[in-house]
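Enquirer: This is final37.pdb, which holds PDB, C-alpha atoms:
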```pdb
ATOM      1  CA  MET S 257      31.785 -52.446 -67.556
ATOM      2  CA  LYS S 258      32.823 -51.565 -71.077
ATOM      3  CA  ILE S 259      30.493 -52.392 -73.942
ATOM      4  CA  VAL S 260      31.687 -53.687 -77.302
ATOM      5  CA  LEU S 261      29.351 -53.177 -80.219
ATOM      6  CA  ALA S 262      29.510 -56.078 -82.655
ATOM      7  CA  SER S 263      29.687 -53.757 -85.646
ATOM      8  CA  ASN S 264      32.010 -51.487 -87.579
ATOM      9  CA  ASN S 265      29.099 -49.650 -89.231
ATOM     10  CA  LYS S 266      29.961 -46.012 -88.528
ATOM     11  CA  HIS S 267      26.327 -44.839 -88.803
ATOM     12  CA  LYS S 268      25.162 -47.456 -86.323
ATOM     13  CA  ILE S 269      28.027 -46.841 -83.882
ATOM     14  CA  GLU S 270      27.455 -43.085 -83.947
ATOM     15  CA  GLU S 271      23.705 -43.456 -83.526
ATOM     16  CA  ILE S 272      23.942 -45.864 -80.592
ATOM     17  CA  SER S 273      26.680 -43.801 -78.935
ATOM     18  CA  ASN S 274      24.525 -40.665 -79.214
ATOM     19  CA  ILE S 275      21.483 -42.461 -77.825
ATOM     20  CA  MET S 276      23.368 -44.036 -74.929
ATOM     21  CA  LYS S 277      25.478 -41.096 -73.776
ATOM     22  CA  GLY S 278      27.362 -41.794 -70.577
ATOM     23  CA  TYR S 279      28.369 -45.326 -71.528
ATOM     24  CA  GLU S 280      31.694 -46.287 -73.059
ATOM     25  CA  ILE S 281      30.785 -48.048 -76.289
ATOM     26  CA  LEU S 282      33.585 -49.470 -78.433
ATOM     27  CA  PRO S 283      33.331 -50.722 -82.007
ATOM     28  CA  MET S 284      34.557 -54.289 -82.387
ATOM     29  CA  SER S 285      37.604 -53.099 -84.345
ATOM     30  CA  GLU S 286      38.925 -51.402 -81.191
ATOM     31  CA  VAL S 287      39.188 -54.752 -79.422
ATOM     32  CA  GLY S 288      40.863 -56.379 -82.408
ATOM     33  CA  TYR S 289      37.941 -58.044 -84.150
ATOM     34  CA  ASN S 290      37.899 -57.225 -87.868
ATOM     35  CA  ASP S 291      36.440 -60.344 -89.501
ATOM     36  CA  ASP S 292      33.290 -60.173 -91.598
ATOM     37  CA  ILE S 293      30.419 -61.908 -89.830
ATOM     38  CA  GLU S 294      28.013 -63.785 -92.059
ATOM     39  CA  GLU S 295      24.447 -62.961 -91.095
ATOM     40  CA  ASN S 296      22.735 -66.154 -92.199
ATOM     41  CA  GLY S 297      19.878 -66.184 -89.708
ATOM     42  CA  THR S 298      16.217 -66.138 -90.671
ATOM     43  CA  THR S 299      15.092 -63.540 -88.106
ATOM     44  CA  PHE S 300      16.361 -60.247 -86.685
ATOM     45  CA  TYR S 301      17.064 -62.008 -83.381
ATOM     46  CA  GLU S 302      19.084 -64.800 -84.994
ATOM     47  CA  ASN S 303      21.242 -62.330 -86.938
ATOM     48  CA  ALA S 304      21.846 -60.143 -83.879
ATOM     49  CA  LEU S 305      22.811 -63.214 -81.846
ATOM     50  CA  ILE S 306      25.166 -64.519 -84.554
ATOM     51  CA  LYS S 307      27.096 -61.238 -84.531
ATOM     52  CA  ALA S 308      27.177 -60.944 -80.753
ATOM     53  CA  LYS S 309      28.331 -64.555 -80.276
ATOM     54  CA  ALA S 310      31.170 -64.167 -82.782
ATOM     55  CA  VAL S 311      32.642 -61.207 -80.908
ATOM     56  CA  TYR S 312      31.863 -62.704 -77.491
ATOM     57  CA  GLU S 313      33.777 -65.932 -78.305
ATOM     58  CA  PHE S 314      36.680 -63.899 -79.681
ATOM     59  CA  LEU S 315      36.948 -61.906 -76.450
ATOM     60  CA  LYS S 316      36.497 -64.980 -74.257
ATOM     61  CA  ASN S 317      39.458 -66.639 -75.987
ATOM     62  CA  LYS S 318      41.523 -63.597 -75.043
ATOM     63  CA  ASN S 319      40.234 -63.687 -71.441
ATOM     64  CA  LYS S 320      38.653 -60.255 -71.811
ATOM     65  CA  ASP S 321      35.415 -59.488 -70.012
ATOM     66  CA  TYR S 322      33.121 -57.155 -71.903
ATOM     67  CA  ILE S 323      29.428 -56.877 -72.471
ATOM     68  CA  VAL S 324      28.928 -57.498 -76.186
ATOM     69  CA  VAL S 325      25.967 -55.771 -77.809
ATOM     70  CA  SER S 326      24.659 -56.366 -81.297
ATOM     71  CA  ASP S 327      21.605 -55.359 -83.245
ATOM     72  CA  ASP S 328      19.866 -56.306 -86.429
ATOM     73  CA  SER S 329      17.393 -53.908 -87.896
ATOM     74  CA  GLY S 330      15.404 -53.339 -91.014
ATOM     75  CA  LEU S 331      12.317 -52.006 -92.699
ATOM     76  CA  CYS S 332       9.193 -54.166 -92.811
ATOM     77  CA  VAL S 333       6.493 -53.213 -95.330
ATOM     78  CA  GLU S 334       2.965 -54.595 -94.980
ATOM     79  CA  ALA S 335       2.167 -54.660 -98.707
ATOM     80  CA  LEU S 336       5.385 -56.599 -99.368
ATOM     81  CA  ASP S 337       4.684 -59.265 -96.726
ATOM     82  CA  GLY S 338       7.293 -57.805 -94.392
ATOM     83  CA  ARG S 339      10.040 -57.305 -96.955
ATOM     84  CA  PRO S 340      12.762 -56.168 -97.123
ATOM     85  CA  GLY S 341      13.025 -57.129 -93.420
ATOM     86  CA  ILE S 342      16.304 -58.823 -92.537
ATOM     87  CA  TYR S 343      17.532 -58.198 -96.086
ATOM     88  CA  SER S 344      17.138 -54.405 -95.848
ATOM     89  CA  ALA S 345      20.860 -53.622 -96.187
ATOM     90  CA  ARG S 346      21.217 -55.878 -99.225
ATOM     91  CA  TYR S 347      17.740 -55.582-100.731
ATOM     92  CA  SER S 348      19.021 -54.721-104.205
ATOM     93  CA  GLY S 349      21.684 -57.428-104.082
ATOM     94  CA  GLU S 350      24.724 -55.385-103.074
ATOM     95  CA  HIS S 351      25.208 -54.931 -99.333
ATOM     96  CA  GLY S 352      25.042 -51.305 -98.251
ATOM     97  CA  ASN S 353      23.960 -49.826-101.603
ATOM     98  CA  HIS S 354      21.296 -47.576-100.065
ATOM     99  CA  LYS S 355      20.463 -45.761-103.292
ATOM    100  CA  GLU S 356      19.702 -48.977-105.181
ATOM    101  CA  ASN S 357      17.798 -50.363-102.196
ATOM    102  CA  ARG S 358      15.528 -47.314-102.180
ATOM    103  CA  LYS S 359      15.078 -47.522-105.937
ATOM    104  CA  LYS S 360      13.958 -51.154-105.678
ATOM    105  CA  LEU S 361      11.553 -50.363-102.846
ATOM    106  CA  LEU S 362       9.946 -47.528-104.823
ATOM    107  CA  SER S 363       9.574 -49.826-107.807
ATOM    108  CA  GLU S 364       7.930 -52.584-105.767
ATOM    109  CA  MET S 365       5.592 -50.097-104.066
ATOM    110  CA  LYS S 366       4.611 -48.304-107.274
ATOM    111  CA  ASP S 367       1.017 -49.581-107.434
ATOM    112  CA  LYS S 368       0.485 -50.377-103.751
ATOM    113  CA  LYS S 369      -2.280 -48.526-101.897
ATOM    114  CA  ASN S 370      -1.268 -49.858 -98.482
ATOM    115  CA  ARG S 371       1.839 -47.844 -97.537
ATOM    116  CA  ASN S 372       2.071 -48.987 -93.903
ATOM    117  CA  ALA S 373       5.513 -50.005 -92.665
ATOM    118  CA  TYR S 374       7.665 -50.137 -89.589
ATOM    119  CA  PHE S 375      11.327 -50.115 -88.705
ATOM    120  CA  ASN S 376      12.329 -52.982 -86.421
ATOM    121  CA  CYS S 377      15.430 -53.169 -84.259
ATOM    122  CA  THR S 378      16.271 -56.274 -82.257
ATOM    123  CA  MET S 379      19.183 -55.904 -79.843
ATOM    124  CA  VAL S 380      21.078 -58.601 -78.007
ATOM    125  CA  ALA S 381      23.576 -58.298 -75.179
ATOM    126  CA  ILE S 382      25.825 -61.134 -74.049
ATOM    127  CA  LEU S 383      27.218 -60.691 -70.540
ATOM    128  CA  PRO S 384      30.670 -61.979 -69.537
ATOM    129  CA  SER S 385      28.838 -64.865 -67.818
ATOM    130  CA  GLY S 386      27.284 -65.865 -71.152
ATOM    131  CA  GLU S 387      23.781 -64.712 -70.191
ATOM    132  CA  ILE S 388      21.830 -63.344 -73.154
ATOM    133  CA  ILE S 389      19.472 -60.366 -72.917
ATOM    134  CA  GLU S 390      17.164 -59.265 -75.732
ATOM    135  CA  ALA S 391      15.156 -56.124 -76.479
ATOM    136  CA  VAL S 392      13.042 -55.026 -79.439
ATOM    137  CA  GLY S 393      12.036 -51.578 -80.672
ATOM    138  CA  ARG S 394       9.628 -50.636 -83.459
ATOM    139  CA  THR S 395       8.616 -47.358 -85.062
ATOM    140  CA  TYR S 396       5.578 -47.251 -87.329
ATOM    141  CA  GLY S 397       5.079 -45.063 -90.381
ATOM    142  CA  GLU S 398       4.388 -45.065 -94.107
ATOM    143  CA  ILE S 399       6.358 -45.436 -97.336
ATOM    144  CA  MET S 400       6.519 -42.302 -99.480
ATOM    145  CA  THR S 401       6.096 -42.310-103.261
ATOM    146  CA  GLU S 402       9.311 -40.296-103.611
ATOM    147  CA  GLU S 403      12.355 -39.480-101.514
ATOM    148  CA  LYS S 404      12.284 -36.473 -99.225
ATOM    149  CA  GLY S 405      15.091 -35.143 -97.037
ATOM    150  CA  SER S 406      18.842 -35.557 -96.971
ATOM    151  CA  ASN S 407      19.580 -36.569 -93.381
ATOM    152  CA  GLY S 408      19.902 -40.086 -92.042
ATOM    153  CA  PHE S 409      20.731 -43.143 -94.134
ATOM    154  CA  GLY S 410      19.207 -46.315 -95.538
ATOM    155  CA  PHE S 411      15.461 -45.963 -96.151
ATOM    156  CA  ASP S 412      15.076 -42.799 -94.016
ATOM    157  CA  SER S 413      14.164 -40.578 -96.980
ATOM    158  CA  LEU S 414      11.228 -42.867 -97.841
ATOM    159  CA  PHE S 415       9.946 -43.457 -94.300
ATOM    160  CA  TYR S 416       7.247 -40.948 -93.345
ATOM    161  CA  TYR S 417       6.646 -40.590 -89.605
ATOM    162  CA  PRO S 418       3.075 -39.278 -89.054
ATOM    163  CA  PRO S 419       3.575 -37.641 -85.608
ATOM    164  CA  PHE S 420       6.287 -35.370 -87.087
ATOM    165  CA  LYS S 421       4.636 -35.118 -90.526
ATOM    166  CA  LYS S 422       8.073 -35.615 -92.047
ATOM    167  CA  THR S 423      10.328 -38.412 -93.222
ATOM    168  CA  PHE S 424      13.171 -39.575 -91.016
ATOM    169  CA  ALA S 425      15.507 -37.843 -93.472
ATOM    170  CA  GLN S 426      13.775 -34.500 -92.930
ATOM    171  CA  ILE S 427      14.315 -34.360 -89.185
ATOM    172  CA  GLN S 428      17.422 -33.757 -87.107
ATOM    173  CA  GLU S 429      19.309 -36.675 -85.604
ATOM    174  CA  GLU S 430      18.266 -35.704 -82.078
ATOM    175  CA  GLU S 431      14.590 -35.828 -83.085
ATOM    176  CA  LYS S 432      15.017 -39.159 -84.817
ATOM    177  CA  ASN S 433      16.837 -40.629 -81.821
ATOM    178  CA  SER S 434      13.897 -39.697 -79.588
ATOM    179  CA  VAL S 435      11.488 -41.941 -81.509
ATOM    180  CA  SER S 436      13.532 -44.370 -83.601
ATOM    181  CA  HIS S 437      13.332 -48.161 -83.441
ATOM    182  CA  ARG S 438      17.001 -48.310 -82.463
ATOM    183  CA  SER S 439      16.460 -45.792 -79.669
ATOM    184  CA  LYS S 440      13.525 -47.792 -78.294
ATOM    185  CA  ALA S 441      15.503 -51.039 -78.418
ATOM    186  CA  CYS S 442      18.577 -49.387 -76.886
ATOM    187  CA  HIS S 443      16.673 -47.943 -73.945
ATOM    188  CA  ALA S 444      14.833 -51.208 -73.336
ATOM    189  CA  LEU S 445      18.105 -53.160 -73.410
ATOM    190  CA  PHE S 446      20.017 -50.753 -71.210
ATOM    191  CA  ASP S 447      17.156 -50.613 -68.705
ATOM    192  CA  LYS S 448      17.607 -54.372 -68.324
ATOM    193  CA  LEU S 449      21.390 -54.021 -68.069
ATOM    194  CA  LYS S 450      21.075 -51.373 -65.347
ATOM    195  CA  LYS S 451      19.475 -53.969 -63.096
ATOM    196  CA  ILE S 452      22.654 -56.017 -63.217
ATOM    197  CA  ASP S 453      25.096 -55.583 -60.332
ATOM    198  CA  LYS S 454      28.170 -53.436 -61.048
ATOM    199  CA  PHE S 455      26.874 -52.193 -64.398
TER     200      PHE S 455
END
```
If you took the structure in this file and wrote it as structure tokens, what would it be?

Expert:
Amino acid sequence: MKIVLASNNKHKIEEISNIMKGYEILPMSEVGYNDDIEENGTTFYENALIKAKAVYEFLKNKNKDYIVVSDDSGLCVEALDGRPGIYSARYSGEHGNHKENRKKLLSEMKDKKNRNAYFNCTMVAILPSGEIIEAVGRTYGEIMTEEKGSNGFGFDSLFYYPPFKKTFAQIQEEEKNSVSHRSKACHALFDKLKKIDKF
């Protein structure tokens, strides 16, 4: 069964494809879906489901049977009451402006002693039957006082991962994929999918 990822985010597609080697994962553009999907949910799960349902309904109308997978992820900081959370990609106001997002986070964390944070990834799969499967992955760390590293994207250069004693931007992609929130969610989701007949 082919899997359509309800995203055209090249970083996300590449990361999930690298984590789930052996599965054919297509971006939604390859099945003809190019509309912007408004993520107006109030939780990671709601946003993931909104995206998955949009692509699922599109494919159903074309009588195409795919498993549609979507995720919503973000950085949750204790001292900021869980912000930026679901607004991580548009924290500074402009969607996808990672530099400004990091700048705002550093500003808001300037005088905070509690640096604890975690990355959350909530994944949803909708089967051709309409059944919905959910999985969540989290990776815990701390917010740095300055950026370190040039790999990764988003808040990676500010997210210090204690077991590696480095930020996510200081480690190689393979290392990150072994411990990341998205990797944990992916493996949990695909473990559930493997139990389905003919998958």

Enquirer: Written as a list in words, which residues does the PyMOL selection byres ((chain S and resi 391) around 6) give for the file shown?

Expert: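 Selected by the PyMOL selection byres ((chain S and resi 391) around 6) in this file: Thr378, Met379, Glu390, Val392, Ala441, Ala444 and Leu445 of chain S.
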
Enquirer: Interatomic distance between CA of Glu387 (chain S) and CA of Asn317 (chain S)?

Expert: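 Computing the Euclidean distance for CA of Glu387 (chain S) and CA of Asn317 (chain S) yields 16.8 Å.
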
Enquirer: Would you mind reading off the distance between CA of Val325 (chain S) and CA of Leu261 (chain S), one decimal, in Å?

Expert: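 Result for CA of Val325 (chain S) versus CA of Leu261 (chain S): 4.9 Å, one decimal.
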
Enquirer: What does the distance between CA of Leu449 (chain S) and CA of Asn296 (chain S) come to in Å, to one decimal place?

Expert: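 Distance between the two atoms: 27.0 Å.
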
Enquirer: For the file shown, report as an NGL selection string the outcome of the PyMOL selection byres ((chain S and resi 265-280) around 12) at residue level.

Expert: :S and (257-264 or 281-285 or 290 or 292 or 322-329 or 345 or 352 or 377 or 379 or 407-410 or 429-447 or 449-450 or 455)

Enquirer: Would you output that residue set with C-alpha atoms, as a PDB file, in the frame of the given file?

Expert:
```pdb
ATOM      1  CA  MET S 257      31.785 -52.446 -67.556  1.00  0.00           C
ATOM      2  CA  LYS S 258      32.823 -51.565 -71.077  1.00  0.00           C
ATOM      3  CA  ILE S 259      30.493 -52.392 -73.942  1.00  0.00           C
ATOM      4  CA  VAL S 260      31.687 -53.687 -77.302  1.00  0.00           C
ATOM      5  CA  LEU S 261      29.351 -53.177 -80.219  1.00  0.00           C
ATOM      6  CA  ALA S 262      29.510 -56.078 -82.655  1.00  0.00           C
ATOM      7  CA  SER S 263      29.687 -53.757 -85.646  1.00  0.00           C
ATOM      8  CA  ASN S 264      32.010 -51.487 -87.579  1.00  0.00           C
ATOM      9  CA  ILE S 281      30.785 -48.048 -76.289  1.00  0.00           C
ATOM     10  CA  LEU S 282      33.585 -49.470 -78.433  1.00  0.00           C
ATOM     11  CA  PRO S 283      33.331 -50.722 -82.007  1.00  0.00           C
ATOM     12  CA  MET S 284      34.557 -54.289 -82.387  1.00  0.00           C
ATOM     13  CA  SER S 285      37.604 -53.099 -84.345  1.00  0.00           C
ATOM     14  CA  ASN S 290      37.899 -57.225 -87.868  1.00  0.00           C
ATOM     15  CA  ASP S 292      33.290 -60.173 -91.598  1.00  0.00           C
ATOM     16  CA  TYR S 322      33.121 -57.155 -71.903  1.00  0.00           C
ATOM     17  CA  ILE S 323      29.428 -56.877 -72.471  1.00  0.00           C
ATOM     18  CA  VAL S 324      28.928 -57.498 -76.186  1.00  0.00           C
ATOM     19  CA  VAL S 325      25.967 -55.771 -77.809  1.00  0.00           C
ATOM     20  CA  SER S 326      24.659 -56.366 -81.297  1.00  0.00           C
ATOM     21  CA  ASP S 327      21.605 -55.359 -83.245  1.00  0.00           C
ATOM     22  CA  ASP S 328      19.866 -56.306 -86.429  1.00  0.00           C
ATOM     23  CA  SER S 329      17.393 -53.908 -87.896  1.00  0.00           C
ATOM     24  CA  ALA S 345      20.860 -53.622 -96.187  1.00  0.00           C
ATOM     25  CA  GLY S 352      25.042 -51.305 -98.251  1.00  0.00           C
ATOM     26  CA  CYS S 377      15.430 -53.169 -84.259  1.00  0.00           C
ATOM     27  CA  MET S 379      19.183 -55.904 -79.843  1.00  0.00           C
ATOM     28  CA  ASN S 407      19.580 -36.569 -93.381  1.00  0.00           C
ATOM     29  CA  GLY S 408      19.902 -40.086 -92.042  1.00  0.00           C
ATOM     30  CA  PHE S 409      20.731 -43.143 -94.134  1.00  0.00           C
ATOM     31  CA  GLY S 410      19.207 -46.315 -95.538  1.00  0.00           C
ATOM     32  CA  GLU S 429      19.309 -36.675 -85.604  1.00  0.00           C
ATOM     33  CA  GLU S 430      18.266 -35.704 -82.078  1.00  0.00           C
ATOM     34  CA  GLU S 431      14.590 -35.828 -83.085  1.00  0.00           C
ATOM     35  CA  LYS S 432      15.017 -39.159 -84.817  1.00  0.00           C
ATOM     36  CA  ASN S 433      16.837 -40.629 -81.821  1.00  0.00           C
ATOM     37  CA  SER S 434      13.897 -39.697 -79.588  1.00  0.00           C
ATOM     38  CA  VAL S 435      11.488 -41.941 -81.509  1.00  0.00           C
ATOM     39  CA  SER S 436      13.532 -44.370 -83.601  1.00  0.00           C
ATOM     40  CA  HIS S 437      13.332 -48.161 -83.441  1.00  0.00           C
ATOM     41  CA  ARG S 438      17.001 -48.310 -82.463  1.00  0.00           C
ATOM     42  CA  SER S 439      16.460 -45.792 -79.669  1.00  0.00           C
ATOM     43  CA  LYS S 440      13.525 -47.792 -78.294  1.00  0.00           C
ATOM     44  CA  ALA S 441      15.503 -51.039 -78.418  1.00  0.00           C
ATOM     45  CA  CYS S 442      18.577 -49.387 -76.886  1.00  0.00           C
ATOM     46  CA  HIS S 443      16.673 -47.943 -73.945  1.00  0.00           C
ATOM     47  CA  ALA S 444      14.833 -51.208 -73.336  1.00  0.00           C
ATOM     48  CA  LEU S 445      18.105 -53.160 -73.410  1.00  0.00           C
ATOM     49  CA  PHE S 446      20.017 -50.753 -71.210  1.00  0.00           C
ATOM     50  CA  ASP S 447      17.156 -50.613 -68.705  1.00  0.00           C
ATOM     51  CA  LEU S 449      21.390 -54.021 -68.069  1.00  0.00           C
ATOM     52  CA  LYS S 450      21.075 -51.373 -65.347  1.00  0.00           C
ATOM     53  CA  PHE S 455      26.874 -52.193 -64.398  1.00  0.00           C
TER      54      PHE S 455
END
```

Enquirer: Smallest atom-to-atom distance to Met400 (chain S): which of S:Phe314, S:Ile382, S:Lys369, S:Gly338, using all atoms listed in the file?

Expert: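 With all atoms listed in the file as the atom set, the closest residue is S:Lys369.
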
Enquirer: Looking at S:Leu414, S:Ala381, S:Ile452, S:Ala425, which one is nearest to Tyr301 (chain S), with distances taken over all atoms listed in the file?

Expert: S:Ala381

Enquirer: Dig up all the protein and nucleic acid residues within 7 Å of (5.8, -42.6, -106.8) in the file frame, using all atoms listed in the file, and format them as a compact mmCIF listing (two decimals) with C-alpha atoms, in the frame of the given file.

Expert:
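Done, and the output landed in point_19.txt:
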```txt
# COMPACT_ATOMS: atom_id res chain seq x y z
CA LEU S 362 9.95 -47.53 -104.82
CA LYS S 366 4.61 -48.30 -107.27
CA THR S 401 6.10 -42.31 -103.26
CA GLU S 402 9.31 -40.30 -103.61
```

Enquirer: With distances taken over all atoms listed in the file, which of S:Ser406, S:Asn303, S:Ile388, S:Tyr417 is nearest to Tyr374 (chain S)?

Expert: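 Smallest separation from Tyr374 (chain S) among the options: S:Tyr417.
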
Enquirer: Name all residues at most 9 Å from Val333 (chain S) (count only C-alpha atoms; drop same-chain ones fewer than 3 positions away) and give them as a ChimeraX atom specification.

Expert: /S:336-341,371-375,398-399

Enquirer: Taking (16.6, -51.2, -102.4) in the file's coordinates, which residues come within 10 Å, counting only C-alpha atoms, written as an MDAnalysis selection string?

Expert: chainID S and resid 340 343:364 410:411

Enquirer: Would you mind telling me which residue in S:Ile342, S:Asp367, S:Pro384, S:Leu331 lies nearest to Ala308 (chain S) when using all atoms listed in the file?

Expert: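 Checking each candidate against Ala308 (chain S), we get S:Pro384 as the closest.
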
Enquirer: Using the file's own x, y and z axes, so that the box edges lie along x, y and z, what centre and edge lengths in Å (one decimal) does a box around every listed atom of region 378-396 of chain S get when 6 Å is added on each side? Give it as AutoDock Vina command-line options.

Expert:
```
--center_x 18.1 --center_y -56.6 --center_z -77.6 --size_x 37.1 --size_y 30.6 --size_z 31.5
```

Enquirer: Of the candidates S:Glu403, S:Glu302, S:Glu286, S:Asp412, which one gets nearest to Val380 (chain S) if we count only C-alpha atoms?

Expert: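 Among the listed residues, S:Glu302 lies closest to Val380 (chain S).
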
Enquirer: Can you take the partial region 363-379 of chain S, add N, CA and C atoms, and return it as a compact mmCIF listing (two decimals), in the frame of the given file?

Expert:
```
# COMPACT_ATOMS: atom_id res chain seq x y z
N SER S 363 10.09 -49.06 -106.68
CA SER S 363 9.57 -49.83 -107.81
C SER S 363 8.53 -50.85 -107.35
N GLU S 364 8.84 -51.55 -106.25
CA GLU S 364 7.93 -52.58 -105.77
C GLU S 364 6.66 -52.00 -105.14
N MET S 365 6.74 -50.75 -104.70
CA MET S 365 5.59 -50.10 -104.07
C MET S 365 4.79 -49.23 -105.03
N LYS S 366 5.19 -49.21 -106.27
CA LYS S 366 4.61 -48.30 -107.27
C LYS S 366 3.08 -48.32 -107.31
N ASP S 367 2.48 -49.48 -107.32
CA ASP S 367 1.02 -49.58 -107.43
C ASP S 367 0.33 -50.01 -106.14
N LYS S 368 1.04 -49.93 -105.02
CA LYS S 368 0.48 -50.38 -103.75
C LYS S 368 -0.26 -49.23 -103.04
N LYS S 369 -1.50 -49.53 -102.63
CA LYS S 369 -2.28 -48.53 -101.90
C LYS S 369 -1.94 -48.54 -100.41
N ASN S 370 -1.66 -49.73 -99.89
CA ASN S 370 -1.27 -49.86 -98.48
C ASN S 370 0.20 -49.47 -98.35
N ARG S 371 0.47 -48.35 -97.68
CA ARG S 371 1.84 -47.84 -97.54
C ARG S 371 2.39 -48.07 -96.13
N ASN S 372 1.65 -48.79 -95.30
CA ASN S 372 2.07 -48.99 -93.90
C ASN S 372 3.37 -49.78 -93.80
N ALA S 373 4.22 -49.34 -92.86
CA ALA S 373 5.51 -50.00 -92.66
C ALA S 373 6.02 -49.70 -91.26
N TYR S 374 7.00 -50.46 -90.86
CA TYR S 374 7.66 -50.14 -89.59
C TYR S 374 9.14 -50.52 -89.66
N PHE S 375 9.93 -49.76 -88.91
CA PHE S 375 11.33 -50.12 -88.70
C PHE S 375 11.40 -50.99 -87.47
N ASN S 376 12.13 -52.08 -87.56
CA ASN S 376 12.33 -52.98 -86.42
C ASN S 376 13.81 -53.02 -86.04
N CYS S 377 14.07 -52.99 -84.76
CA CYS S 377 15.43 -53.17 -84.26
C CYS S 377 15.39 -54.19 -83.13
N THR S 378 16.13 -55.27 -83.31
CA THR S 378 16.27 -56.27 -82.26
C THR S 378 17.70 -56.22 -81.75
N MET S 379 17.86 -56.00 -80.46
CA MET S 379 19.18 -55.90 -79.84
C MET S 379 19.42 -57.06 -78.89
```
